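Report on one structure; see the data block that follows.
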Amino acid sequence: MATEHQQGAPSVVDRYYTRWYKTDLKSKPCEDQCVLQHSNRICVITLAESHPILQNGRQIKSINYQISANCSRLQNKVSGKSKRGGQFLTELAPLCRITCTDGEEYTVFSCIRGRLLEVNEDILTNPSLLQEKPSTEGYIAVVLPKFEESKSVTQGLLTQTEYEDILSKRRSTNPEPC
């Protein structure tokens with residue numbers, strides 16, 4: 001059985017992306033997300049390892065990119081080299097809603113400002129990718145920050161070390177996982 005990366009060699013994600021984290025989104029404990037920022041400034045939005053969807057053997061019932069009556073992330077169309085036409089997102093723009101079989105519903109947010117380049121339609125037909133490979137094939141969306149904001153887009157996000165510190169604080173104050 002293959003793992004996400006072989007022992008010793010860094011994974012593609014570890015080699016080419018910087019991990020940034022947003023914890024407790026919208027004041028909801030443990031609803032953490034990860035932003036994988038490539039050196040070309042493209043950002044991949046994923047669930048952080050600590051997100052409740054990835055804990056306790058939860059099962060995903062459905063994933064919905066329909067944000068409101070007039071807004072579906074699936075309708076996003078970009079074209080050309082400058083990626084014109086993509087929906088513009090703010091940090092708290094919802095990307096999708098994920099419903100688990102236990103009735104819990106989670107909203108995944110953009111975490112950064114930028115243009116929506118694509119959503120991962122593969123997770124609609126194979127939701128287990130979200131849980132089995134959250135930082136690769138199970139990503140949520142790809143967002144391109146404005147060029148002039150590409151350096152500042154990660155302000156307000158946590159580094160891997162800061163995120164790990166928060167996780168260890170959570171474990172020490174609450175032995176029950178989120």
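Ordered as shown in the structure tokens, chains take letters A, B, and onward, while each chain numbers its residues from 1 and ligands are numbered from 1 in the order shown.
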
Counting only C-alpha atoms, which residues of segment 36-96 of chain A fall within 9 Å of segment 118-123 of chain A, and what is the closest atom pair for each with its distance in Å at one decimal, ordered by chain and rising number, as CSV?
residue,atom,partner,partner_atom,distance
A:Ile63,CA,A:Ile123,CA,7.6
A:Tyr65,CA,A:Val119,CA,8.3
A:Arg73,CA,A:Val119,CA,7.0
A:Leu74,CA,A:Val119,CA,6.9
A:Asn76,CA,A:Glu118,CA,7.2
A:Lys77,CA,A:Glu118,CA,8.0
A:Val78,CA,A:Glu118,CA,8.2
A:Gly86,CA,A:Glu118,CA,8.4
A:Leu95,CA,A:Val119,CA,8.3

With a distance cut-off of 12 Å and only C-alpha atoms, select the neighbouring residues of Cys71 of chain A, excluding the residue or stretch itself and same-chain residues fewer than 3 positions from it, and output the selection as a PyMOL selection string.
chain A and resi 64-68+74-76+87-89+93-96

Atoms to include: C-alpha atoms. Write the selected residues as a PDB file, in the first residue's frame.
ATOM      1  CA  ASN A  64     -21.802  21.053  -2.446  1.00  0.00           C
ATOM      2  CA  TYR A  65     -20.149  23.910  -4.344  1.00  0.00           C
ATOM      3  CA  GLN A  66     -23.530  25.723  -4.600  1.00  0.00           C
ATOM      4  CA  ILE A  67     -22.965  28.570  -2.128  1.00  0.00           C
ATOM      5  CA  SER A  68     -26.280  30.383  -2.581  1.00  0.00           C
ATOM      6  CA  LEU A  74     -18.878  25.053 -10.302  1.00  0.00           C
ATOM      7  CA  GLN A  75     -19.968  27.866 -12.659  1.00  0.00           C
ATOM      8  CA  ASN A  76     -16.542  29.491 -12.313  1.00  0.00           C
ATOM      9  CA  GLN A  87     -14.777  34.555  -9.296  1.00  0.00           C
ATOM     10  CA  PHE A  88     -13.029  36.947  -6.909  1.00  0.00           C
ATOM     11  CA  LEU A  89     -12.868  35.625  -3.366  1.00  0.00           C
ATOM     12  CA  ALA A  93     -15.728  33.522   0.956  1.00  0.00           C
ATOM     13  CA  PRO A  94     -17.287  30.062   1.227  1.00  0.00           C
ATOM     14  CA  LEU A  95     -15.951  27.543  -1.294  1.00  0.00           C
ATOM     15  CA  CYS A  96     -18.130  24.557  -0.503  1.00  0.00           C
TER      16      CYS A  96
END

List as an mmCIF file with C-alpha atoms, in the first residue's frame the protein and nucleic acid residues near segment 168-172 of chain A, meaning an atom at most 12 Å away when only C-alpha atoms are counted, but skip any in the same chain fewer than 5 places from it.
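The new file result37.cif reads:
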data_model
loop_
_atom_site.group_PDB
_atom_site.id
_atom_site.type_symbol
_atom_site.label_atom_id
_atom_site.label_comp_id
_atom_site.auth_asym_id
_atom_site.auth_seq_id
_atom_site.Cartn_x
_atom_site.Cartn_y
_atom_site.Cartn_z
ATOM 1 C CA THR A 23 -7.402 27.762 12.664
ATOM 2 C CA ASP A 24 -10.864 27.854 14.210
ATOM 3 C CA PRO A 29 -13.179 25.136 17.222
ATOM 4 C CA CYS A 30 -10.825 22.930 15.223
ATOM 5 C CA SER A 50 -6.902 18.515 12.497
ATOM 6 C CA THR A 161 5.427 25.563 13.482
ATOM 7 C CA GLU A 162 2.808 27.982 14.854
ATOM 8 C CA TYR A 163 0.063 25.572 13.816
ATOM 9 C CA PRO A 177 -9.898 15.638 20.101
ATOM 10 C CA CYS A 178 -12.125 18.222 18.487
#

A straight line from atom CA of Ser39 of chain A to atom CA of Gly85 of chain A spans 23.0 Å

Using 8 Å as the limit and counting only C-alpha atoms, can you tabulate each residue of segment 37-120 of chain A that touches segment 132-152 of chain A, with its shortest atom-to-atom distance in Å and the two atoms involved, as a Markdown table?
| residue | atom | partner | partner_atom | distance |
| --- | --- | --- | --- | --- |
| A:Arg41 | CA | A:Ser150 | CA | 6.1 |
| A:Ile42 | CA | A:Leu144 | CA | 4.9 |
| A:Cys43 | CA | A:Val143 | CA | 5.2 |
| A:Val44 | CA | A:Val142 | CA | 4.5 |
| A:Ile45 | CA | A:Ala141 | CA | 5.3 |
| A:Thr46 | CA | A:Tyr139 | CA | 4.8 |
| A:Leu47 | CA | A:Pro134 | CA | 6.2 |
| A:Ala48 | CA | A:Pro134 | CA | 7.8 |
| A:Glu49 | CA | A:Pro134 | CA | 7.9 |
| A:Leu95 | CA | A:Ala141 | CA | 7.5 |
| A:Cys96 | CA | A:Ile140 | CA | 8.0 |
| A:Ser110 | CA | A:Val143 | CA | 7.9 |
| A:Ile112 | CA | A:Pro145 | CA | 7.5 |
| A:Arg113 | CA | A:Pro145 | CA | 5.9 |
| A:Gly114 | CA | A:Pro145 | CA | 3.9 |
| A:Arg115 | CA | A:Leu144 | CA | 5.1 |
| A:Leu116 | CA | A:Val143 | CA | 4.6 |
| A:Leu117 | CA | A:Val143 | CA | 5.5 |
| A:Glu118 | CA | A:Val142 | CA | 5.3 |
| A:Val119 | CA | A:Ala141 | CA | 4.2 |
| A:Asn120 | CA | A:Ile140 | CA | 5.5 |

Could you turn the residues from that selection into a file that holds C-alpha atoms, as a PDB file, in the first residue's frame?
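File produced: out.pdb:
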ATOM      1  CA  ARG A  41       1.949  32.245  -6.084  1.00  0.00           C
ATOM      2  CA  ILE A  42      -0.850  29.774  -6.837  1.00  0.00           C
ATOM      3  CA  CYS A  43      -2.555  28.600  -3.638  1.00  0.00           C
ATOM      4  CA  VAL A  44      -4.267  25.264  -3.107  1.00  0.00           C
ATOM      5  CA  ILE A  45      -6.965  25.233  -0.411  1.00  0.00           C
ATOM      6  CA  THR A  46      -7.181  22.021   1.620  1.00  0.00           C
ATOM      7  CA  LEU A  47      -8.428  20.786   4.960  1.00  0.00           C
ATOM      8  CA  ALA A  48      -5.835  20.817   7.744  1.00  0.00           C
ATOM      9  CA  GLU A  49      -5.007  17.461   9.350  1.00  0.00           C
ATOM     10  CA  LEU A  95     -15.951  27.543  -1.294  1.00  0.00           C
ATOM     11  CA  CYS A  96     -18.130  24.557  -0.503  1.00  0.00           C
ATOM     12  CA  SER A 110     -11.082  30.520   0.820  1.00  0.00           C
ATOM     13  CA  ILE A 112      -7.078  34.139   1.201  1.00  0.00           C
ATOM     14  CA  ARG A 113      -8.064  36.854  -1.249  1.00  0.00           C
ATOM     15  CA  GLY A 114      -7.748  35.996  -4.907  1.00  0.00           C
ATOM     16  CA  ARG A 115      -9.306  34.631  -8.072  1.00  0.00           C
ATOM     17  CA  LEU A 116     -10.847  31.190  -8.047  1.00  0.00           C
ATOM     18  CA  LEU A 117      -9.041  29.210 -10.753  1.00  0.00           C
ATOM     19  CA  GLU A 118     -10.715  25.860 -10.222  1.00  0.00           C
ATOM     20  CA  VAL A 119     -12.613  23.683  -7.824  1.00  0.00           C
ATOM     21  CA  ASN A 120     -11.883  20.000  -7.431  1.00  0.00           C
TER      22      ASN A 120
END

Using the chain letters and numbers from this document, which residues of chain A does DSSP assign to strand (DSSP E), as a VMD selection string?
chain A and resid 17 to 22 33 to 38 43 to 47 60 to 64 66 to 68 71 to 72 88 to 89 94 to 100 105 to 109 114 to 119 141 to 144

Any idea what's packed within 9 Å of His38 of chain A, counting only C-alpha atoms, ignoring anything in its chain fewer than 6 positions away? Could you give it as a list in words?
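Surrounding residues, per the criterion: Val13, Tyr16, Tyr17, Thr18 and Val44 of chain A.
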
Using only C-alpha atoms, can you tell me which of A:Asn40, A:Ser72, A:Ser128, A:Thr159 comes closest to Arg97 of chain A?
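Result for the nearest residue to Arg97 of chain A: A:Ser72.
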
Please measure the separation of atom CA of Gly80 of chain A and atom CA of Asp14 of chain A, giving the value in Å to one decimal.
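Separation between atom CA of Gly80 of chain A and atom CA of Asp14 of chain A: 29.0 Å.
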